[in-house]
Amino acid sequence: MILLLGGTGEARRLAGRLHDVGVPVVSSLAGDVAELRLPVGEVRIGGFGGVPGLVDYLGAARIDGVIDATHPFAAGITANAAAACQAVGTPLLRLSRPGWSGRPDAGDWSWVEDLSQARQVAGSLGRRLFLTTGRQGIGQFLEWSDRYVLVRAVDPPTLELPGSWELLLARGPFSVEAEQELMTSRGIEVLVTKDSGGSATVTKLDAAAHVGVRVVIVRRPKVPAGVEVVDSIDAALRWALAP
Ligand SMILES: NC(=O)c1ccc[n+]([C@@H]2O[C@H](COP(=O)([O-])OP(=O)(O)OC[C@H]3O[C@@H](n4cnc5c(N)ncnc54)[C@H](OP(=O)(O)O)[C@@H]3O)[C@@H](O)[C@H]2O)c1
């Protein structure tokens with residue numbers, strides 16, 4: 001029985017592939033998105049209760065292996081999975097889609113370590129900003145209440161946004177043309193984003209290059225030491241099928 005930590009498109013697709021080849025899998029979702037897109041097969045929803053809760057779950061559900069296919073920036077659950085699996089000797093694989101650092105234009109972007117640094121750097125580059133860093137980190141940017149900030153998120157932020165900001169609720173994929181139109185119509189100067197990777201939302205980077213918008217991008221958190229990492233669904237499937 002595989003525990004598949006999800007909340008991403010890759011996890012959902014991998015659940016389908018595992019199901020197709022007859023590998024028993026339970027997908028786990030944090031459940032903090034209003035409109036959950038459920039994978040096929042068994043699903044459990046909600047946190048485990050930290051490392052101790054996850055350790056208990058691994059034993060109670062007789063889990064043989066864990067695939068952590070959570071978002072590359074979901075560092076909390078990734079750290080918990082590493083600690084819990086190490087504690088009970090359960091094999092663990094991290095599936096993390098390739099990031100965008102290998103793109104030819106990645107050298108033109110301002111790479112930062114976290115959202116706080118993103119605020120400092122982006123704040124010095126322009127006064128009309130496009131924030132696509134996810135609703136959870138928005139509080140880091142609230143001091144920009146004197147600027148125009150376009151926030152795009154899948155679900156509404158829980159914080160009240162300054163009056164000069166605009167909120168756009170949308171889920172990708174977005175076309176390059178639509179992204180360009182969005183940036184030019186709002187007079188965007190700086191795009192602030194995270195190195196999430198994937199194809200569904202990469203178009204904002206293509207659009208930024210076309211229309212001359214500066215990019216400030218947060219580096220991925222490091223995967224805990226000793227955890228095996230793959231970047232494709234095929235590789236994760238091979239791992240699950242290995243004897
Ligand atoms: N961070 C992002 O930018 C982002 C973007 C898109 C989707 N997501 C998805 O949204 C979920 C939450 O992300 P996050 O960044 O808030 O996570 P996080 O900070 O790494 O995790 C916070 C807590 O949420 C619970 N949790 C997270 N993922 C879970 C899962 N798949 N199944 C069960 N519990 C989970 C765990 O609670 P307990 O300690 O109680 O077990 C974890 O300690 C993840 O599943 C991730 O794949 C995240």
# chains A, B, ... in the order shown; residues from 1 in each chain; ligands from 1
$ residues_around --residues "region 108-120 of chain A" --least-positions-apart "6" --cutoff "12 Å" --atoms "only C-alpha atoms" --output "ChimeraX atom specification"
/A:73,100-102,126-127,129-144,149,190-195,205,208-209,212-222
$ residues_near_ligand --ligand "ligand 1" --cutoff "6 Å" --atoms "only C-alpha atoms and all ligand atoms" --output "PyMOL selection string"
chain A and resi 5-8+28-30+46-50+70-71+73-77+134
$ residues_around --residues "Leu93 (chain A)" --least-positions-apart "4" --cutoff "9 Å" --atoms "only C-alpha atoms" --output "ChimeraX atom specification"
/A:65-69,227-230,236,239
$ write_last_selection --atoms "all heavy atoms" --output "JSON list (two decimals), in the first residue's frame"
[["chain", "number", "residue", "atom", "x", "y", "z"],
["A", 65, "GLY", "N", 5.15, 2.06, 1.43],
["A", 65, "GLY", "CA", 6.02, 3.08, 0.85],
["A", 65, "GLY", "C", 5.27, 4.39, 0.74],
["A", 65, "GLY", "O", 4.03, 4.39, 0.60],
["A", 66, "VAL", "N", 6.01, 5.49, 0.81],
["A", 66, "VAL", "CA", 5.38, 6.82, 0.72],
["A", 66, "VAL", "C", 5.96, 7.55, -0.49],
["A", 66, "VAL", "O", 7.18, 7.57, -0.68],
["A", 66, "VAL", "CB", 5.65, 7.65, 1.99],
["A", 66, "VAL", "CG1", 5.06, 9.07, 1.85],
["A", 66, "VAL", "CG2", 5.08, 6.96, 3.23],
["A", 67, "ILE", "N", 5.07, 8.11, -1.29],
["A", 67, "ILE", "CA", 5.52, 9.01, -2.36],
["A", 67, "ILE", "C", 5.02, 10.40, -2.00],
["A", 67, "ILE", "O", 3.82, 10.64, -1.88],
["A", 67, "ILE", "CB", 4.98, 8.59, -3.74],
["A", 67, "ILE", "CG1", 5.49, 7.18, -4.08],
["A", 67, "ILE", "CG2", 5.44, 9.59, -4.81],
["A", 67, "ILE", "CD1", 4.98, 6.64, -5.42],
["A", 68, "ASP", "N", 5.98, 11.28, -1.80],
["A", 68, "ASP", "CA", 5.66, 12.67, -1.46],
["A", 68, "ASP", "C", 5.61, 13.46, -2.77],
["A", 68, "ASP", "O", 6.64, 13.85, -3.30],
["A", 68, "ASP", "CB", 6.73, 13.21, -0.51],
["A", 68, "ASP", "CG", 6.59, 14.70, -0.25],
["A", 68, "ASP", "OD1", 5.57, 15.29, -0.68],
["A", 68, "ASP", "OD2", 7.50, 15.28, 0.38],
["A", 69, "ALA", "N", 4.40, 13.63, -3.29],
["A", 69, "ALA", "CA", 4.22, 14.36, -4.55],
["A", 69, "ALA", "C", 3.56, 15.70, -4.26],
["A", 69, "ALA", "O", 2.82, 16.23, -5.09],
["A", 69, "ALA", "CB", 3.40, 13.53, -5.52],
["A", 227, "VAL", "N", 16.81, 11.92, 1.17],
["A", 227, "VAL", "CA", 15.55, 11.52, 0.52],
["A", 227, "VAL", "C", 15.79, 11.39, -0.99],
["A", 227, "VAL", "O", 16.34, 12.29, -1.62],
["A", 227, "VAL", "CB", 14.43, 12.55, 0.80],
["A", 227, "VAL", "CG1", 13.16, 12.18, 0.03],
["A", 227, "VAL", "CG2", 14.14, 12.64, 2.29],
["A", 228, "GLU", "N", 15.37, 10.26, -1.55],
["A", 228, "GLU", "CA", 15.50, 10.04, -3.00],
["A", 228, "GLU", "C", 14.50, 10.94, -3.73],
["A", 228, "GLU", "O", 13.33, 11.01, -3.33],
["A", 228, "GLU", "CB", 15.24, 8.56, -3.30],
["A", 228, "GLU", "CG", 15.46, 8.20, -4.76],
["A", 228, "GLU", "CD", 15.17, 6.71, -5.04],
["A", 228, "GLU", "OE1", 15.01, 5.93, -4.07],
["A", 228, "GLU", "OE2", 15.09, 6.36, -6.23],
["A", 229, "VAL", "N", 14.96, 11.59, -4.78],
["A", 229, "VAL", "CA", 14.10, 12.53, -5.51],
["A", 229, "VAL", "C", 14.01, 12.13, -6.98],
["A", 229, "VAL", "O", 15.03, 11.80, -7.59],
["A", 229, "VAL", "CB", 14.66, 13.97, -5.43],
["A", 229, "VAL", "CG1", 13.70, 14.96, -6.10],
["A", 229, "VAL", "CG2", 14.91, 14.39, -4.00],
["A", 230, "VAL", "N", 12.81, 12.16, -7.54],
["A", 230, "VAL", "CA", 12.64, 12.01, -8.99],
["A", 230, "VAL", "C", 11.80, 13.19, -9.48],
["A", 230, "VAL", "O", 11.13, 13.85, -8.68],
["A", 230, "VAL", "CB", 11.95, 10.68, -9.37],
["A", 230, "VAL", "CG1", 12.82, 9.48, -9.01],
["A", 230, "VAL", "CG2", 10.57, 10.56, -8.72],
["A", 236, "ALA", "N", 8.47, 7.80, -10.76],
["A", 236, "ALA", "CA", 7.79, 7.46, -9.50],
["A", 236, "ALA", "C", 7.05, 6.14, -9.64],
["A", 236, "ALA", "O", 7.03, 5.32, -8.71],
["A", 236, "ALA", "CB", 6.83, 8.59, -9.12],
["A", 239, "TRP", "N", 9.48, 3.33, -9.36],
["A", 239, "TRP", "CA", 9.87, 3.15, -7.95],
["A", 239, "TRP", "C", 8.80, 2.33, -7.22],
["A", 239, "TRP", "O", 9.12, 1.40, -6.48],
["A", 239, "TRP", "CB", 10.04, 4.52, -7.30],
["A", 239, "TRP", "CG", 10.49, 4.51, -5.87],
["A", 239, "TRP", "CD1", 11.78, 4.46, -5.40],
["A", 239, "TRP", "CD2", 9.67, 4.56, -4.69],
["A", 239, "TRP", "NE1", 11.81, 4.49, -4.03],
["A", 239, "TRP", "CE2", 10.52, 4.54, -3.57],
["A", 239, "TRP", "CE3", 8.28, 4.62, -4.49],
["A", 239, "TRP", "CZ2", 10.04, 4.59, -2.25],
["A", 239, "TRP", "CZ3", 7.80, 4.67, -3.18],
["A", 239, "TRP", "CH2", 8.68, 4.66, -2.09]]
$ atom_distance --atom1 "CA of Arg62 (chain A)" --atom2 "CA of Arg97 (chain A)"
27.5 Å
$ closest_residue --among "A:Pro72, A:Pro98, A:Gly16, A:Gly172" --to "Gly198 (chain A)" --atoms "only C-alpha atoms"
A:Pro98
$ closest_residue --among "A:Ser145, A:Ser96, A:Ser175, A:Thr158" --to "Asp206 (chain A)" --atoms "only C-alpha atoms"
A:Ser175
$ select_by_dssp --residues "region 65-191 of chain A" --states "helix (DSSP H, G or I)" --output "tab-separated table (two decimals) with N, CA and C atoms, in the first residue's frame"
chain	number	residue	atom	x	y	z
A	75	ALA	N	7.04	22.63	2.17
A	75	ALA	CA	8.22	22.15	2.90
A	75	ALA	C	7.86	21.48	4.22
A	76	GLY	N	6.75	21.87	4.82
A	76	GLY	CA	6.38	21.31	6.13
A	76	GLY	C	6.05	19.83	6.04
A	77	ILE	N	5.17	19.48	5.13
A	77	ILE	CA	4.76	18.07	5.01
A	77	ILE	C	5.93	17.25	4.47
A	78	THR	N	6.77	17.84	3.63
A	78	THR	CA	7.94	17.12	3.10
A	78	THR	C	8.92	16.78	4.23
A	79	ALA	N	9.13	17.73	5.13
A	79	ALA	CA	10.01	17.48	6.27
A	79	ALA	C	9.39	16.42	7.19
A	80	ASN	N	8.09	16.51	7.40
A	80	ASN	CA	7.41	15.54	8.27
A	80	ASN	C	7.48	14.14	7.68
A	81	ALA	N	7.28	14.05	6.36
A	81	ALA	CA	7.32	12.73	5.72
A	81	ALA	C	8.72	12.13	5.87
A	82	ALA	N	9.75	12.95	5.69
A	82	ALA	CA	11.12	12.45	5.81
A	82	ALA	C	11.38	11.95	7.22
A	83	ALA	N	10.95	12.73	8.21
A	83	ALA	CA	11.21	12.35	9.61
A	83	ALA	C	10.41	11.10	9.99
A	84	ALA	N	9.15	11.05	9.59
A	84	ALA	CA	8.30	9.90	9.97
A	84	ALA	C	8.78	8.63	9.30
A	85	CYS	N	9.11	8.71	8.01
A	85	CYS	CA	9.55	7.52	7.28
A	85	CYS	C	10.89	7.03	7.84
A	86	GLN	N	11.75	7.96	8.18
A	86	GLN	CA	13.03	7.54	8.76
A	86	GLN	C	12.81	6.86	10.11
A	87	ALA	N	11.89	7.40	10.88
A	87	ALA	CA	11.65	6.85	12.23
A	87	ALA	C	11.16	5.41	12.18
A	88	VAL	N	10.34	5.08	11.18
A	88	VAL	CA	9.77	3.72	11.15
A	88	VAL	C	10.34	2.86	10.01
A	104	PRO	N	16.48	29.39	-20.52
A	104	PRO	CA	17.53	30.32	-20.98
A	104	PRO	C	17.41	31.70	-20.34
A	105	ASP	N	16.17	32.13	-20.02
A	105	ASP	CA	16.01	33.48	-19.47
A	105	ASP	C	16.11	33.51	-17.93
A	106	ALA	N	16.36	32.32	-17.31
A	106	ALA	CA	16.38	32.28	-15.84
A	106	ALA	C	17.50	33.14	-15.25
A	107	GLY	N	18.55	33.34	-16.04
A	107	GLY	CA	19.67	34.16	-15.58
A	107	GLY	C	19.31	35.64	-15.51
A	108	ASP	N	18.22	36.03	-16.18
A	108	ASP	CA	17.80	37.45	-16.17
A	108	ASP	C	16.94	37.76	-14.94
A	115	LEU	N	10.07	34.74	0.74
A	115	LEU	CA	9.12	35.81	0.39
A	115	LEU	C	9.56	37.16	0.95
A	116	SER	N	10.22	37.12	2.10
A	116	SER	CA	10.66	38.38	2.69
A	116	SER	C	11.70	39.05	1.79
A	117	GLN	N	12.62	38.25	1.28
A	117	GLN	CA	13.62	38.79	0.36
A	117	GLN	C	12.96	39.21	-0.96
A	118	ALA	N	11.94	38.46	-1.36
A	118	ALA	CA	11.21	38.81	-2.58
A	118	ALA	C	10.61	40.21	-2.44
A	119	ARG	N	10.05	40.50	-1.25
A	119	ARG	CA	9.45	41.82	-1.02
A	119	ARG	C	10.51	42.92	-1.12
A	120	GLN	N	11.66	42.67	-0.50
A	120	GLN	CA	12.72	43.69	-0.54
A	120	GLN	C	13.19	43.96	-1.97
A	121	VAL	N	13.45	42.88	-2.70
A	121	VAL	CA	14.00	43.04	-4.05
A	121	VAL	C	12.95	43.62	-5.00
A	122	ALA	N	11.76	43.01	-5.00
A	122	ALA	CA	10.72	43.46	-5.93
A	122	ALA	C	10.30	44.90	-5.62
A	123	GLY	N	10.28	45.23	-4.34
A	123	GLY	CA	9.86	46.57	-3.93
A	123	GLY	C	10.78	47.65	-4.48
A	124	SER	N	12.03	47.27	-4.73
A	124	SER	CA	12.97	48.27	-5.26
A	124	SER	C	12.95	48.31	-6.79
A	125	LEU	N	12.22	47.37	-7.42
A	125	LEU	CA	12.23	47.30	-8.89
A	125	LEU	C	11.04	47.98	-9.55
A	135	ARG	N	-1.73	32.28	-1.93
A	135	ARG	CA	-2.45	33.16	-0.99
A	135	ARG	C	-1.84	33.12	0.40
A	136	GLN	N	-1.15	32.02	0.75
A	136	GLN	CA	-0.67	31.90	2.13
A	136	GLN	C	0.38	32.94	2.50
A	137	GLY	N	1.22	33.33	1.51
A	137	GLY	CA	2.31	34.23	1.84
A	137	GLY	C	1.98	35.70	1.66
A	138	ILE	N	0.73	36.01	1.38
A	138	ILE	CA	0.37	37.38	1.01
A	138	ILE	C	0.67	38.38	2.12
A	139	GLY	N	0.55	37.92	3.37
A	139	GLY	CA	0.80	38.80	4.50
A	139	GLY	C	2.19	39.44	4.44
A	140	GLN	N	3.12	38.78	3.80
A	140	GLN	CA	4.50	39.30	3.68
A	140	GLN	C	4.55	40.60	2.88
A	141	PHE	N	3.51	40.85	2.07
A	141	PHE	CA	3.59	41.96	1.12
A	141	PHE	C	2.64	43.11	1.49
A	176	VAL	N	-0.10	32.28	-23.08
A	176	VAL	CA	0.89	33.37	-23.07
A	176	VAL	C	0.21	34.68	-23.44
A	177	GLU	N	-0.69	34.59	-24.43
A	177	GLU	CA	-1.37	35.81	-24.90
A	177	GLU	C	-2.20	36.43	-23.78
A	178	ALA	N	-2.91	35.58	-23.06
A	178	ALA	CA	-3.75	36.09	-21.96
A	178	ALA	C	-2.87	36.70	-20.86
A	179	GLU	N	-1.73	36.08	-20.60
A	179	GLU	CA	-0.82	36.60	-19.57
A	179	GLU	C	-0.25	37.96	-19.99
A	180	GLN	N	0.11	38.06	-21.28
A	180	GLN	CA	0.63	39.34	-21.78
A	180	GLN	C	-0.41	40.42	-21.67
A	181	GLU	N	-1.63	40.08	-22.06
A	181	GLU	CA	-2.73	41.04	-22.02
A	181	GLU	C	-2.97	41.50	-20.57
A	182	LEU	N	-2.93	40.53	-19.65
A	182	LEU	CA	-3.14	40.86	-18.24
A	182	LEU	C	-2.05	41.82	-17.76
A	183	MET	N	-0.80	41.51	-18.08
A	183	MET	CA	0.31	42.34	-17.60
A	183	MET	C	0.29	43.73	-18.23
A	184	THR	N	0.02	43.80	-19.52
A	184	THR	CA	0.04	45.12	-20.17
A	184	THR	C	-1.18	45.96	-19.74
A	185	SER	N	-2.34	45.31	-19.61
A	185	SER	CA	-3.54	46.09	-19.25
A	185	SER	C	-3.41	46.67	-17.84
$ closest_residue --among "A:Val223, A:Ala170, A:Val151, A:Val40" --to "Asp20 (chain A)" --atoms "only C-alpha atoms"
A:Val40
$ select_by_dssp --residues "region 68-135 of chain A" --states "strand (DSSP E)" --output "ChimeraX atom specification"
/A:68,92-95,110-112,128-131
$ write_last_selection --atoms "N, CA, C and O atoms" --output "PDB file, in the first residue's frame"
ATOM      1  N   ASP A  68       5.975  11.278  -1.797  1.00  0.00           N
ATOM      2  CA  ASP A  68       5.655  12.669  -1.463  1.00  0.00           C
ATOM      3  C   ASP A  68       5.610  13.457  -2.768  1.00  0.00           C
ATOM      4  O   ASP A  68       6.641  13.848  -3.300  1.00  0.00           O
ATOM      5  N   LEU A  92      10.737   6.070   1.224  1.00  0.00           N
ATOM      6  CA  LEU A  92      10.136   7.364   0.847  1.00  0.00           C
ATOM      7  C   LEU A  92      10.740   7.851  -0.458  1.00  0.00           C
ATOM      8  O   LEU A  92      11.963   7.794  -0.647  1.00  0.00           O
ATOM      9  N   LEU A  93       9.885   8.336  -1.337  1.00  0.00           N
ATOM     10  CA  LEU A  93      10.341   8.957  -2.583  1.00  0.00           C
ATOM     11  C   LEU A  93       9.728  10.344  -2.677  1.00  0.00           C
ATOM     12  O   LEU A  93       8.541  10.526  -2.408  1.00  0.00           O
ATOM     13  N   ARG A  94      10.524  11.335  -3.071  1.00  0.00           N
ATOM     14  CA  ARG A  94       9.999  12.683  -3.321  1.00  0.00           C
ATOM     15  C   ARG A  94       9.856  12.857  -4.822  1.00  0.00           C
ATOM     16  O   ARG A  94      10.836  12.710  -5.567  1.00  0.00           O
ATOM     17  N   LEU A  95       8.629  13.129  -5.264  1.00  0.00           N
ATOM     18  CA  LEU A  95       8.388  13.463  -6.672  1.00  0.00           C
ATOM     19  C   LEU A  95       8.198  14.969  -6.759  1.00  0.00           C
ATOM     20  O   LEU A  95       7.258  15.518  -6.186  1.00  0.00           O
ATOM     21  N   SER A 110      15.647  37.861 -10.910  1.00  0.00           N
ATOM     22  CA  SER A 110      16.233  38.060  -9.573  1.00  0.00           C
ATOM     23  C   SER A 110      15.812  36.880  -8.715  1.00  0.00           C
ATOM     24  O   SER A 110      14.622  36.745  -8.373  1.00  0.00           O
ATOM     25  N   TRP A 111      16.758  36.014  -8.374  1.00  0.00           N
ATOM     26  CA  TRP A 111      16.469  34.833  -7.546  1.00  0.00           C
ATOM     27  C   TRP A 111      16.615  35.205  -6.081  1.00  0.00           C
ATOM     28  O   TRP A 111      17.625  35.806  -5.688  1.00  0.00           O
ATOM     29  N   VAL A 112      15.613  34.847  -5.277  1.00  0.00           N
ATOM     30  CA  VAL A 112      15.637  35.175  -3.845  1.00  0.00           C
ATOM     31  C   VAL A 112      15.359  33.904  -3.042  1.00  0.00           C
ATOM     32  O   VAL A 112      14.875  32.909  -3.575  1.00  0.00           O
ATOM     33  N   ARG A 128       4.270  48.734  -9.630  1.00  0.00           N
ATOM     34  CA  ARG A 128       3.075  47.990 -10.079  1.00  0.00           C
ATOM     35  C   ARG A 128       3.482  46.526 -10.183  1.00  0.00           C
ATOM     36  O   ARG A 128       4.262  46.134 -11.065  1.00  0.00           O
ATOM     37  N   LEU A 129       2.945  45.755  -9.234  1.00  0.00           N
ATOM     38  CA  LEU A 129       3.476  44.405  -9.034  1.00  0.00           C
ATOM     39  C   LEU A 129       2.405  43.339  -9.253  1.00  0.00           C
ATOM     40  O   LEU A 129       1.219  43.580  -8.978  1.00  0.00           O
ATOM     41  N   PHE A 130       2.837  42.203  -9.718  1.00  0.00           N
ATOM     42  CA  PHE A 130       1.950  41.059  -9.967  1.00  0.00           C
ATOM     43  C   PHE A 130       2.442  39.921  -9.064  1.00  0.00           C
ATOM     44  O   PHE A 130       3.544  39.418  -9.241  1.00  0.00           O
ATOM     45  N   LEU A 131       1.604  39.562  -8.090  1.00  0.00           N
ATOM     46  CA  LEU A 131       1.977  38.550  -7.084  1.00  0.00           C
ATOM     47  C   LEU A 131       1.319  37.219  -7.416  1.00  0.00           C
ATOM     48  O   LEU A 131       0.090  37.120  -7.405  1.00  0.00           O
TER      49      LEU A 131
END
$ atom_distance --atom1 "CA of Ser232 (chain A)" --atom2 "CA of Ala200 (chain A)"
15.4 Å
$ closest_residue --among "A:Val202, A:Ala11, A:Leu36, A:Leu168" --to "Arg103 (chain A)" --atoms "only C-alpha atoms"
A:Val202
$ closest_residue --among "A:Gly197, A:Gly187, A:Pro173, A:Gly41" --to "Ile2 (chain A)" --atoms "only C-alpha atoms"
A:Gly41
